[in-house]
Amino acid sequence: MLFVVCQTAFRAPSKGLPAAGNSTSVRRDPESAIRASEHFRGAVQQPLVAQAHTGDAVLSHDTVDIHSIPRQQVVSPHLSAVPEVARVLRRLGLGCLPAGAVESFAGRNDNWAGTTSTGAAVFVKQVADRDPARPGFHRAVSFERFIARTPVPGLLAPRCVGWDEPSGLQVFAWLRGTRSGAELIADRAFAEVHAHQVGRAIGALHGAGFDERDGIDRTPPPLPSVELLRALPLRHFLEATAAELAFWQLLQPDRQLVDALAALREAEAAAEPRPVHGDLRLDQLLVDGDAVFVTDWEEFRLGDPARDVGGFVGDWLSYAVRGITAVDDADTTALSDHDIIARGTAELTRVRPLLRSFWAGYRQARPVRDPQLESRATAFAGWHMFDRLLATSQRSPRLSAVQRAGAGVGRNAVLAPQRFAGVLGLDVTV
Ligand SMILES: Nc1ncnc2c1ncn2[C@@H]1O[C@H](COP(=O)(O)OP(=O)(O)O)[C@@H](O)[C@H]1O
Ligand SMILES: [Mg+2]
């Protein structure tokens, strides 16, 4: 691997994003979208740019906390190793959890769910902020303050029973028997009624008033980091997996993509800040019949609504691309271009009605017109493909052909959002 140490930095020219509705050639053809997957599939690896941390370097290795990037984690420690759980439950008057009869769910933080000695069904979560200032925990708490003060019609979230600042613990009602949105997708059971409800809830959230007393975070989310797209800090380089380095090698030499992401960040900064979930994905949803609960509010902040729309839509896009790989494909690298395009087109066509339902629900709840919203949301949906690829690359030794295909589709959405919005169902007018 070539390692280029470079100490110069530059800024991309400032550019706005075109509005989705302004284009005369709005493309709703899923096949053309999937064809864009070719871009990265056979990509030749380019040298990676990393940057030494010197006194006057523009970039320090603290620019982005790489530990804040989600990692899959299934097993939470035994409750005997986390005595603060019992302490906090006792303080809340909820008795104690029987250590041998708790369940844990996949997530980046530890969690324990069970029925306490007083009969309360609780879901306890410990937000593991690396930053001692605990920004994630405080954002989650600020959501509870916000939602207690501001009813948001249609938004369902697990009821928070209490929290404990020193340990970073939050206690919720355990929504037993619910299934996550991701699980429903696996069974093809995520229906248009669910998508519509999520759209309504998120639209209402974005339209809700807020109070300075809620202490809602106003800092911009760390990714996509324009700095990392230009040069990796040395420590980050040394700690990265081979697949993560391959990820940055894919992006860094792509000047068009880097410039488009920089323009997206500028457009995001210029958007009117609204209360947003900030990390909306299908595995953050809990479904109970037709009701959908939105969980995990650690990224709650005042930000660009396009982030949430792009997160939901982009997650569907990433499932559609993943659907290219049929369960019986032993070797995904053996898929031909034709297979990838045909299967990807079919998957995207299948999920589009759900995306249209989501967007119709959103528009119903928030008819306010932001002419750039669809374009920014589409570009964020494109970025979401890279975001998921980055999360996967931190756990895997190499990037597969289908993963690269996903990045190619994402690139297309970032570069030409006005043409891609219709493919993603963001063309419904209410
Ligand atoms: N109140 C709840 N009741 C039941 N399951 C829950 C509840 N909250 C979250 N979960 C499950 O636990 C998983 C992890 O919770 P989440 O809040 O997303 O934590 P993380 O920050 O670790 O991602 C979710 O995907 C969901 O399946
Ligand atoms: Mg989560």
# chains A, B, ... in the order shown; residues from 1 in each chain; ligands from 1

call {"tool": "residues_around", "arguments": {"residues": "region 178-190 of chain A", "least_positions_apart": "4", "cutoff": "8 Å", "atoms": "only C-alpha atoms", "output": "PyMOL selection string"}}
result
chain A and resi 194-195+282-288

call {"tool": "residues_near_ligand", "arguments": {"ligand": "ligand 2", "cutoff": "10 Å", "atoms": "only C-alpha atoms and all ligand atoms", "output": "PDB file with C-alpha atoms, in the first residue's frame"}}
result
ATOM      1  CA  PRO A  70     -21.259   2.425  14.517  1.00  0.00           C
ATOM      2  CA  GLN A  72     -22.114  -4.080  15.363  1.00  0.00           C
ATOM      3  CA  PHE A 105     -30.073  -6.701  21.354  1.00  0.00           C
ATOM      4  CA  ALA A 106     -27.595  -5.870  18.621  1.00  0.00           C
ATOM      5  CA  GLY A 107     -26.430  -2.281  18.724  1.00  0.00           C
ATOM      6  CA  ARG A 108     -23.329  -0.220  19.174  1.00  0.00           C
ATOM      7  CA  ASN A 109     -24.060   0.270  22.891  1.00  0.00           C
ATOM      8  CA  ASP A 279     -29.363   8.607  12.529  1.00  0.00           C
ATOM      9  CA  LEU A 280     -32.555   7.346  10.913  1.00  0.00           C
ATOM     10  CA  ARG A 281     -32.172   3.785   9.713  1.00  0.00           C
ATOM     11  CA  LEU A 282     -34.467   0.799   9.487  1.00  0.00           C
ATOM     12  CA  ASP A 283     -32.817  -0.943  12.423  1.00  0.00           C
ATOM     13  CA  GLN A 284     -33.740   2.054  14.594  1.00  0.00           C
ATOM     14  CA  LEU A 285     -37.440   1.334  14.090  1.00  0.00           C
ATOM     15  CA  VAL A 294     -38.519   5.383  16.471  1.00  0.00           C
ATOM     16  CA  THR A 295     -35.638   4.529  18.840  1.00  0.00           C
ATOM     17  CA  ASP A 296     -32.052   5.580  19.498  1.00  0.00           C
ATOM     18  CA  TRP A 297     -31.994   9.366  19.807  1.00  0.00           C
ATOM     19  CA  GLU A 298     -28.282   9.810  20.467  1.00  0.00           C
TER      20      GLU A 298
END

call {"tool": "closest_residue", "arguments": {"among": "A:Trp174, A:Phe386, A:Trp163, A:Phe146", "to": "ligand 1", "atoms": "only C-alpha atoms and all ligand atoms"}}
result
A:Trp174

call {"tool": "closest_residue", "arguments": {"among": "A:Arg363, A:Arg145, A:His236, A:Arg376", "to": "Arg200 (chain A)", "atoms": "only C-alpha atoms"}}
result
A:Arg363

call {"tool": "closest_residue", "arguments": {"among": "A:Val88, A:Ile341, A:Ala421, A:Ala401", "to": "Leu389 (chain A)", "atoms": "only C-alpha atoms"}}
result
A:Ala401

call {"tool": "select_by_dssp", "arguments": {"residues": "region 30-278 of chain A", "states": "strand (DSSP E)", "output": "PyMOL selection string"}}
result
chain A and resi 48-51+110-115+121-126+160-164+169-173+179-180+232-233+274-276

call {"tool": "write_last_selection", "arguments": {"atoms": "N, CA, C and O atoms", "output": "short mmCIF file (atom, residue, chain, number, x, y, z; two decimals), in the first residue's frame"}}
result
data_model
loop_
_atom_site.label_atom_id
_atom_site.label_comp_id
_atom_site.auth_asym_id
_atom_site.auth_seq_id
_atom_site.Cartn_x
_atom_site.Cartn_y
_atom_site.Cartn_z
N LEU A 48 -3.39 6.27 -1.38
CA LEU A 48 -4.18 6.89 -0.31
C LEU A 48 -3.41 8.09 0.23
O LEU A 48 -2.20 8.03 0.37
N VAL A 49 -4.12 9.15 0.51
CA VAL A 49 -3.45 10.32 1.09
C VAL A 49 -3.68 10.32 2.60
O VAL A 49 -4.80 10.29 3.06
N ALA A 50 -2.59 10.30 3.32
CA ALA A 50 -2.69 10.44 4.77
C ALA A 50 -1.89 11.66 5.16
O ALA A 50 -1.07 12.15 4.38
N GLN A 51 -2.13 12.15 6.33
CA GLN A 51 -1.49 13.40 6.70
C GLN A 51 -0.87 13.28 8.09
O GLN A 51 -1.55 12.88 9.03
N ASP A 110 -24.17 -1.13 24.88
CA ASP A 110 -24.66 -2.26 25.67
C ASP A 110 -26.11 -2.01 26.06
O ASP A 110 -26.51 -0.88 26.33
N ASN A 111 -26.89 -3.09 26.11
CA ASN A 111 -28.27 -2.95 26.60
C ASN A 111 -28.72 -4.25 27.25
O ASN A 111 -28.19 -5.32 26.96
N TRP A 112 -29.69 -4.13 28.15
CA TRP A 112 -30.24 -5.28 28.88
C TRP A 112 -31.75 -5.07 28.98
O TRP A 112 -32.21 -3.99 29.38
N ALA A 113 -32.50 -6.08 28.63
CA ALA A 113 -33.96 -5.99 28.72
C ALA A 113 -34.48 -7.14 29.56
O ALA A 113 -33.99 -8.26 29.46
N GLY A 114 -35.46 -6.86 30.39
CA GLY A 114 -36.04 -7.92 31.22
C GLY A 114 -37.13 -7.36 32.11
O GLY A 114 -37.46 -6.16 32.05
N THR A 115 -37.70 -8.24 32.92
CA THR A 115 -38.75 -7.82 33.85
C THR A 115 -38.15 -7.74 35.25
O THR A 115 -37.54 -8.70 35.73
N ALA A 121 -41.33 -4.06 32.89
CA ALA A 121 -40.56 -4.55 31.73
C ALA A 121 -39.70 -3.39 31.25
O ALA A 121 -40.21 -2.37 30.77
N VAL A 122 -38.37 -3.52 31.43
CA VAL A 122 -37.47 -2.39 31.13
C VAL A 122 -36.43 -2.76 30.09
O VAL A 122 -36.01 -3.92 29.97
N PHE A 123 -36.02 -1.73 29.35
CA PHE A 123 -34.91 -1.83 28.40
C PHE A 123 -33.89 -0.80 28.89
O PHE A 123 -34.16 0.40 28.89
N VAL A 124 -32.74 -1.28 29.35
CA VAL A 124 -31.72 -0.38 29.91
C VAL A 124 -30.57 -0.29 28.92
O VAL A 124 -30.09 -1.30 28.41
N LYS A 125 -30.15 0.93 28.66
CA LYS A 125 -29.11 1.13 27.65
C LYS A 125 -28.00 1.98 28.25
O LYS A 125 -28.27 2.94 28.98
N GLN A 126 -26.76 1.62 27.96
CA GLN A 126 -25.64 2.42 28.44
C GLN A 126 -24.95 3.07 27.25
O GLN A 126 -24.34 2.36 26.43
N CYS A 160 -39.33 6.83 28.01
CA CYS A 160 -38.12 6.85 28.84
C CYS A 160 -38.54 7.01 30.30
O CYS A 160 -39.27 7.94 30.65
N VAL A 161 -38.06 6.08 31.14
CA VAL A 161 -38.47 6.09 32.56
C VAL A 161 -37.51 6.95 33.38
O VAL A 161 -37.89 7.51 34.41
N GLY A 162 -36.28 7.04 32.96
CA GLY A 162 -35.32 7.85 33.69
C GLY A 162 -33.92 7.65 33.14
O GLY A 162 -33.70 6.84 32.24
N TRP A 163 -32.97 8.42 33.69
CA TRP A 163 -31.58 8.29 33.24
C TRP A 163 -30.64 8.65 34.36
O TRP A 163 -31.06 9.22 35.39
N ASP A 164 -29.38 8.31 34.17
CA ASP A 164 -28.36 8.56 35.17
C ASP A 164 -27.13 9.11 34.47
O ASP A 164 -26.47 8.41 33.70
N LEU A 169 -26.54 5.77 31.78
CA LEU A 169 -27.63 4.80 31.62
C LEU A 169 -28.95 5.51 31.32
O LEU A 169 -29.23 6.56 31.90
N GLN A 170 -29.72 4.90 30.45
CA GLN A 170 -31.09 5.35 30.20
C GLN A 170 -32.01 4.14 30.36
O GLN A 170 -31.66 3.05 29.89
N VAL A 171 -33.15 4.35 31.00
CA VAL A 171 -34.09 3.24 31.21
C VAL A 171 -35.37 3.55 30.44
O VAL A 171 -35.95 4.64 30.58
N PHE A 172 -35.79 2.58 29.62
CA PHE A 172 -37.01 2.73 28.81
C PHE A 172 -37.98 1.61 29.13
O PHE A 172 -37.59 0.55 29.63
N ALA A 173 -39.24 1.84 28.78
CA ALA A 173 -40.20 0.73 28.78
C ALA A 173 -39.74 -0.25 27.71
O ALA A 173 -39.36 0.16 26.60
N ARG A 179 -40.68 -5.98 16.56
CA ARG A 179 -39.59 -6.42 15.68
C ARG A 179 -38.98 -5.19 15.02
O ARG A 179 -39.70 -4.21 14.74
N SER A 180 -37.69 -5.24 14.77
CA SER A 180 -37.07 -4.05 14.17
C SER A 180 -37.43 -3.98 12.69
O SER A 180 -37.76 -4.99 12.05
N LEU A 232 -6.17 11.34 5.34
CA LEU A 232 -6.42 10.66 6.61
C LEU A 232 -5.37 11.07 7.62
O LEU A 232 -4.18 11.03 7.31
N PRO A 233 -5.77 11.42 8.82
CA PRO A 233 -4.76 11.67 9.85
C PRO A 233 -3.95 10.39 10.09
O PRO A 233 -4.48 9.28 9.94
N ARG A 274 -33.74 22.26 11.97
CA ARG A 274 -34.98 21.73 12.55
C ARG A 274 -34.62 20.57 13.48
O ARG A 274 -33.53 20.00 13.36
N PRO A 275 -35.53 20.19 14.40
CA PRO A 275 -35.25 19.01 15.23
C PRO A 275 -35.19 17.77 14.32
O PRO A 275 -36.14 17.52 13.57
N VAL A 276 -34.08 17.05 14.36
CA VAL A 276 -33.93 15.85 13.51
C VAL A 276 -33.47 14.66 14.36
O VAL A 276 -32.80 14.83 15.38
#

call {"tool": "residues_around", "arguments": {"residues": "Arg87 (chain A)", "least_positions_apart": "6", "cutoff": "10 Å", "atoms": "only C-alpha atoms", "output": "JSON, numbers by chain"}}
result
{"A": [93, 95, 96, 164]}

call {"tool": "closest_residue", "arguments": {"among": "A:Val292, A:Val226, A:Gly154, A:Thr241", "to": "ligand 1", "atoms": "only C-alpha atoms and all ligand atoms"}}
result
A:Val292

call {"tool": "residues_around", "arguments": {"residues": "Arg404 (chain A)", "least_positions_apart": "3", "cutoff": "9 Å", "atoms": "only C-alpha atoms", "output": "PyMOL selection string"}}
result
chain A and resi 37-43+250+389+399-401+407-409

call {"tool": "residues_around", "arguments": {"residues": "region 300-309 of chain A", "least_positions_apart": "6", "cutoff": "8 Å", "atoms": "only C-alpha atoms", "output": "list in words"}}
result
Arg139, Ala140, Ser142, Phe143, Ile202, His206, Ile216, Asp217, Arg218, Thr219, Pro220, Glu268, Ala269, Ala271, Glu272, Pro273, Arg274, Pro275, Val276, His277, Gly278, Asp279, Leu280, Leu373, Glu374, Arg376, Ala377, Phe380 and Ala381 of chain A

call {"tool": "write_last_selection", "arguments": {"atoms": "C-alpha atoms", "output": "compact mmCIF listing (two decimals), in the first residue's frame"}}
result
# COMPACT_ATOMS: atom_id res chain seq x y z
CA ARG A 139 -28.39 14.46 22.96
CA ALA A 140 -30.53 11.46 23.96
CA SER A 142 -32.30 16.45 25.28
CA PHE A 143 -34.71 14.45 23.10
CA ILE A 202 -40.52 12.41 10.85
CA HIS A 206 -39.13 18.40 11.49
CA ILE A 216 -30.63 20.60 21.84
CA ASP A 217 -27.23 20.12 20.20
CA ARG A 218 -26.54 22.42 17.27
CA THR A 219 -23.19 20.99 16.21
CA PRO A 220 -23.04 19.49 12.73
CA GLU A 268 -26.64 21.40 4.77
CA ALA A 269 -25.12 24.21 6.82
CA ALA A 271 -30.55 24.82 5.54
CA GLU A 272 -32.94 25.96 8.25
CA PRO A 273 -32.10 23.91 11.37
CA ARG A 274 -34.98 21.73 12.55
CA PRO A 275 -35.25 19.01 15.23
CA VAL A 276 -33.93 15.85 13.51
CA HIS A 277 -33.35 12.25 14.58
CA GLY A 278 -29.92 12.36 12.96
CA ASP A 279 -29.36 8.61 12.53
CA LEU A 280 -32.55 7.35 10.91
CA LEU A 373 -35.04 19.39 0.29
CA GLU A 374 -35.47 16.51 -2.19
CA ARG A 376 -30.22 17.30 -0.47
CA ALA A 377 -32.13 14.24 0.79
CA PHE A 380 -27.64 12.20 1.66
CA ALA A 381 -29.24 8.92 0.56

call {"tool": "residues_around", "arguments": {"residues": "Leu354 (chain A)", "least_positions_apart": "6", "cutoff": "12 Å", "atoms": "only C-alpha atoms", "output": "mmCIF file with N, CA and C atoms, in the first residue's frame"}}
result
data_model
loop_
_atom_site.group_PDB
_atom_site.id
_atom_site.type_symbol
_atom_site.label_atom_id
_atom_site.label_comp_id
_atom_site.auth_asym_id
_atom_site.auth_seq_id
_atom_site.Cartn_x
_atom_site.Cartn_y
_atom_site.Cartn_z
ATOM 1 N N ILE A 185 -37.868 -6.308 7.063
ATOM 2 C CA ILE A 185 -37.429 -6.322 5.664
ATOM 3 C C ILE A 185 -37.006 -7.724 5.265
ATOM 4 N N ARG A 188 -39.791 -9.463 4.237
ATOM 5 C CA ARG A 188 -40.613 -8.670 3.298
ATOM 6 C C ARG A 188 -41.940 -8.253 3.947
ATOM 7 N N ALA A 189 -41.903 -7.936 5.229
ATOM 8 C CA ALA A 189 -43.133 -7.599 5.950
ATOM 9 C C ALA A 189 -43.224 -6.107 6.257
ATOM 10 N N PHE A 190 -42.221 -5.341 5.875
ATOM 11 C CA PHE A 190 -42.295 -3.884 6.078
ATOM 12 C C PHE A 190 -43.216 -3.345 4.989
ATOM 13 N N ALA A 191 -44.381 -2.825 5.411
ATOM 14 C CA ALA A 191 -45.425 -2.488 4.435
ATOM 15 C C ALA A 191 -45.497 -0.984 4.191
ATOM 16 N N GLU A 192 -46.257 -0.602 3.172
ATOM 17 C CA GLU A 192 -46.407 0.824 2.858
ATOM 18 C C GLU A 192 -47.021 1.583 4.029
ATOM 19 N N VAL A 193 -47.899 0.910 4.788
ATOM 20 C CA VAL A 193 -48.526 1.582 5.928
ATOM 21 C C VAL A 193 -47.453 1.973 6.964
ATOM 22 N N HIS A 194 -46.444 1.125 7.114
ATOM 23 C CA HIS A 194 -45.349 1.457 8.049
ATOM 24 C C HIS A 194 -44.525 2.626 7.516
ATOM 25 N N ALA A 195 -44.205 2.556 6.236
ATOM 26 C CA ALA A 195 -43.385 3.623 5.642
ATOM 27 C C ALA A 195 -44.126 4.963 5.740
ATOM 28 N N HIS A 196 -45.435 4.927 5.498
ATOM 29 C CA HIS A 196 -46.228 6.153 5.547
ATOM 30 C C HIS A 196 -46.202 6.723 6.960
ATOM 31 N N GLN A 197 -46.314 5.827 7.943
ATOM 32 C CA GLN A 197 -46.325 6.307 9.324
ATOM 33 C C GLN A 197 -44.983 6.916 9.726
ATOM 34 N N VAL A 198 -43.898 6.301 9.286
ATOM 35 C CA VAL A 198 -42.578 6.876 9.593
ATOM 36 C C VAL A 198 -42.457 8.248 8.932
ATOM 37 N N GLY A 199 -42.923 8.354 7.695
ATOM 38 C CA GLY A 199 -42.877 9.643 7.002
ATOM 39 C C GLY A 199 -43.652 10.714 7.759
ATOM 40 N N PHE A 312 -33.437 7.429 5.801
ATOM 41 C CA PHE A 312 -34.475 6.412 5.599
ATOM 42 C C PHE A 312 -34.420 5.877 4.164
ATOM 43 N N VAL A 313 -34.418 6.813 3.221
ATOM 44 C CA VAL A 313 -34.426 6.418 1.810
ATOM 45 C C VAL A 313 -33.117 5.682 1.459
ATOM 46 N N TRP A 316 -33.055 2.080 2.593
ATOM 47 C CA TRP A 316 -33.781 1.217 1.655
ATOM 48 C C TRP A 316 -32.941 0.951 0.416
ATOM 49 N N LEU A 317 -32.270 1.992 -0.045
ATOM 50 C CA LEU A 317 -31.418 1.817 -1.228
ATOM 51 C C LEU A 317 -30.329 0.787 -0.935
ATOM 52 N N ALA A 320 -31.796 -2.557 -1.074
ATOM 53 C CA ALA A 320 -32.054 -2.948 -2.459
ATOM 54 C C ALA A 320 -30.770 -3.453 -3.113
ATOM 55 N N GLU A 347 -34.853 -4.943 -7.590
ATOM 56 C CA GLU A 347 -34.958 -4.602 -6.160
ATOM 57 C C GLU A 347 -35.413 -3.156 -5.973
ATOM 58 N N LEU A 348 -34.824 -2.267 -6.750
ATOM 59 C CA LEU A 348 -35.161 -0.845 -6.602
ATOM 60 C C LEU A 348 -36.620 -0.601 -6.999
ATOM 61 N N ALA A 360 -44.940 10.612 0.867
ATOM 62 C CA ALA A 360 -46.305 11.155 0.909
ATOM 63 C C ALA A 360 -46.685 11.457 2.364
ATOM 64 N N GLY A 361 -46.333 10.542 3.279
ATOM 65 C CA GLY A 361 -46.617 10.760 4.702
ATOM 66 C C GLY A 361 -45.883 11.995 5.214
ATOM 67 N N VAL A 423 -36.214 8.328 -8.844
ATOM 68 C CA VAL A 423 -35.946 6.898 -8.711
ATOM 69 C C VAL A 423 -36.170 6.478 -7.258
ATOM 70 N N LEU A 424 -35.899 7.380 -6.330
ATOM 71 C CA LEU A 424 -36.038 7.076 -4.912
ATOM 72 C C LEU A 424 -37.412 7.457 -4.367
ATOM 73 N N GLY A 425 -38.336 7.755 -5.236
ATOM 74 C CA GLY A 425 -39.711 8.006 -4.798
ATOM 75 C C GLY A 425 -39.938 9.397 -4.235
ATOM 76 N N LEU A 426 -38.928 10.274 -4.327
ATOM 77 C CA LEU A 426 -39.091 11.612 -3.735
ATOM 78 C C LEU A 426 -39.696 12.580 -4.756
ATOM 79 N N VAL A 428 -43.288 12.711 -5.077
ATOM 80 C CA VAL A 428 -44.727 12.751 -4.822
ATOM 81 C C VAL A 428 -45.100 14.160 -4.397
#

call {"tool": "closest_residue", "arguments": {"among": "A:Arg159, A:Arg395, A:Arg352, A:Arg213", "to": "ligand 1", "atoms": "only C-alpha atoms and all ligand atoms"}}
result
A:Arg159

call {"tool": "closest_residue", "arguments": {"among": "A:Tyr362, A:Trp248, A:Trp383, A:Phe237", "to": "Gly203 (chain A)", "atoms": "only C-alpha atoms"}}
result
A:Tyr362

call {"tool": "decode", "arguments": {"residues": "region 91-176 of chain A", "atoms": "C-alpha atoms", "output": "PDB file, in the first residue's frame"}}
result
ATOM      1  CA  ARG A  91     -33.156   4.542  42.567  1.00  0.00           C
ATOM      2  CA  LEU A  92     -36.029   4.698  40.069  1.00  0.00           C
ATOM      3  CA  GLY A  93     -38.064   2.425  42.343  1.00  0.00           C
ATOM      4  CA  LEU A  94     -38.101  -0.375  39.788  1.00  0.00           C
ATOM      5  CA  GLY A  95     -36.536  -3.168  41.888  1.00  0.00           C
ATOM      6  CA  CYS A  96     -33.822  -5.236  40.212  1.00  0.00           C
ATOM      7  CA  LEU A  97     -33.309  -7.294  37.069  1.00  0.00           C
ATOM      8  CA  PRO A  98     -32.682 -11.018  37.546  1.00  0.00           C
ATOM      9  CA  ALA A  99     -29.140 -11.350  36.135  1.00  0.00           C
ATOM     10  CA  GLY A 100     -29.833 -14.749  34.574  1.00  0.00           C
ATOM     11  CA  ALA A 101     -32.972 -13.719  32.685  1.00  0.00           C
ATOM     12  CA  VAL A 102     -32.085 -10.679  30.625  1.00  0.00           C
ATOM     13  CA  GLU A 103     -31.885 -10.268  26.871  1.00  0.00           C
ATOM     14  CA  SER A 104     -29.583  -8.046  24.852  1.00  0.00           C
ATOM     15  CA  PHE A 105     -30.073  -6.701  21.354  1.00  0.00           C
ATOM     16  CA  ALA A 106     -27.595  -5.870  18.621  1.00  0.00           C
ATOM     17  CA  GLY A 107     -26.430  -2.281  18.724  1.00  0.00           C
ATOM     18  CA  ARG A 108     -23.329  -0.220  19.174  1.00  0.00           C
ATOM     19  CA  ASN A 109     -24.060   0.270  22.891  1.00  0.00           C
ATOM     20  CA  ASP A 110     -24.660  -2.265  25.669  1.00  0.00           C
ATOM     21  CA  ASN A 111     -28.272  -2.951  26.602  1.00  0.00           C
ATOM     22  CA  TRP A 112     -30.238  -5.276  28.883  1.00  0.00           C
ATOM     23  CA  ALA A 113     -33.959  -5.986  28.716  1.00  0.00           C
ATOM     24  CA  GLY A 114     -36.040  -7.921  31.219  1.00  0.00           C
ATOM     25  CA  THR A 115     -38.748  -7.825  33.852  1.00  0.00           C
ATOM     26  CA  THR A 116     -37.696  -6.395  37.196  1.00  0.00           C
ATOM     27  CA  SER A 117     -38.622  -7.704  40.639  1.00  0.00           C
ATOM     28  CA  THR A 118     -41.445  -5.112  40.743  1.00  0.00           C
ATOM     29  CA  GLY A 119     -42.861  -6.407  37.469  1.00  0.00           C
ATOM     30  CA  ALA A 120     -41.661  -3.549  35.254  1.00  0.00           C
ATOM     31  CA  ALA A 121     -40.559  -4.546  31.731  1.00  0.00           C
ATOM     32  CA  VAL A 122     -37.473  -2.388  31.130  1.00  0.00           C
ATOM     33  CA  PHE A 123     -34.909  -1.829  28.397  1.00  0.00           C
ATOM     34  CA  VAL A 124     -31.723  -0.381  29.906  1.00  0.00           C
ATOM     35  CA  LYS A 125     -29.108   1.125  27.652  1.00  0.00           C
ATOM     36  CA  GLN A 126     -25.635   2.421  28.443  1.00  0.00           C
ATOM     37  CA  VAL A 127     -24.479   5.063  26.008  1.00  0.00           C
ATOM     38  CA  ALA A 128     -20.762   4.472  25.567  1.00  0.00           C
ATOM     39  CA  ASP A 129     -19.514   7.911  24.557  1.00  0.00           C
ATOM     40  CA  ARG A 130     -15.754   7.946  24.051  1.00  0.00           C
ATOM     41  CA  ASP A 131     -15.817  11.679  24.521  1.00  0.00           C
ATOM     42  CA  PRO A 132     -15.814  12.394  28.292  1.00  0.00           C
ATOM     43  CA  ALA A 133     -18.267  15.261  27.649  1.00  0.00           C
ATOM     44  CA  ARG A 134     -20.808  12.506  26.726  1.00  0.00           C
ATOM     45  CA  PRO A 135     -22.371  14.288  23.740  1.00  0.00           C
ATOM     46  CA  GLY A 136     -24.408  11.225  22.685  1.00  0.00           C
ATOM     47  CA  PHE A 137     -25.925  10.761  26.126  1.00  0.00           C
ATOM     48  CA  HIS A 138     -26.775  14.457  26.386  1.00  0.00           C
ATOM     49  CA  ARG A 139     -28.386  14.465  22.965  1.00  0.00           C
ATOM     50  CA  ALA A 140     -30.534  11.462  23.961  1.00  0.00           C
ATOM     51  CA  VAL A 141     -31.579  13.226  27.165  1.00  0.00           C
ATOM     52  CA  SER A 142     -32.300  16.445  25.278  1.00  0.00           C
ATOM     53  CA  PHE A 143     -34.707  14.450  23.105  1.00  0.00           C
ATOM     54  CA  GLU A 144     -36.581  13.295  26.220  1.00  0.00           C
ATOM     55  CA  ARG A 145     -36.837  16.885  27.458  1.00  0.00           C
ATOM     56  CA  PHE A 146     -37.977  18.047  24.044  1.00  0.00           C
ATOM     57  CA  ILE A 147     -40.625  15.353  23.595  1.00  0.00           C
ATOM     58  CA  ALA A 148     -41.949  15.856  27.135  1.00  0.00           C
ATOM     59  CA  ARG A 149     -42.552  19.524  26.337  1.00  0.00           C
ATOM     60  CA  THR A 150     -43.534  19.303  22.667  1.00  0.00           C
ATOM     61  CA  PRO A 151     -46.058  16.728  21.541  1.00  0.00           C
ATOM     62  CA  VAL A 152     -45.185  15.628  18.011  1.00  0.00           C
ATOM     63  CA  PRO A 153     -48.303  14.162  16.351  1.00  0.00           C
ATOM     64  CA  GLY A 154     -47.732  10.643  15.092  1.00  0.00           C
ATOM     65  CA  LEU A 155     -44.224  10.261  16.524  1.00  0.00           C
ATOM     66  CA  LEU A 156     -43.957   7.164  18.715  1.00  0.00           C
ATOM     67  CA  ALA A 157     -40.808   6.617  20.756  1.00  0.00           C
ATOM     68  CA  PRO A 158     -40.171   4.134  23.607  1.00  0.00           C
ATOM     69  CA  ARG A 159     -41.197   5.775  26.891  1.00  0.00           C
ATOM     70  CA  CYS A 160     -38.124   6.849  28.841  1.00  0.00           C
ATOM     71  CA  VAL A 161     -38.467   6.088  32.561  1.00  0.00           C
ATOM     72  CA  GLY A 162     -35.318   7.852  33.692  1.00  0.00           C
ATOM     73  CA  TRP A 163     -31.579   8.291  33.237  1.00  0.00           C
ATOM     74  CA  ASP A 164     -28.362   8.563  35.173  1.00  0.00           C
ATOM     75  CA  GLU A 165     -25.762  11.033  34.032  1.00  0.00           C
ATOM     76  CA  PRO A 166     -22.593   9.602  35.682  1.00  0.00           C
ATOM     77  CA  SER A 167     -23.080   6.100  34.269  1.00  0.00           C
ATOM     78  CA  GLY A 168     -24.675   7.135  30.953  1.00  0.00           C
ATOM     79  CA  LEU A 169     -27.626   4.802  31.618  1.00  0.00           C
ATOM     80  CA  GLN A 170     -31.094   5.352  30.203  1.00  0.00           C
ATOM     81  CA  VAL A 171     -34.093   3.244  31.211  1.00  0.00           C
ATOM     82  CA  PHE A 172     -37.013   2.730  28.813  1.00  0.00           C
ATOM     83  CA  ALA A 173     -40.204   0.731  28.776  1.00  0.00           C
ATOM     84  CA  TRP A 174     -39.325  -2.545  27.083  1.00  0.00           C
ATOM     85  CA  LEU A 175     -41.361  -2.871  23.887  1.00  0.00           C
ATOM     86  CA  ARG A 176     -41.525  -6.597  24.152  1.00  0.00           C
TER      87      ARG A 176
END
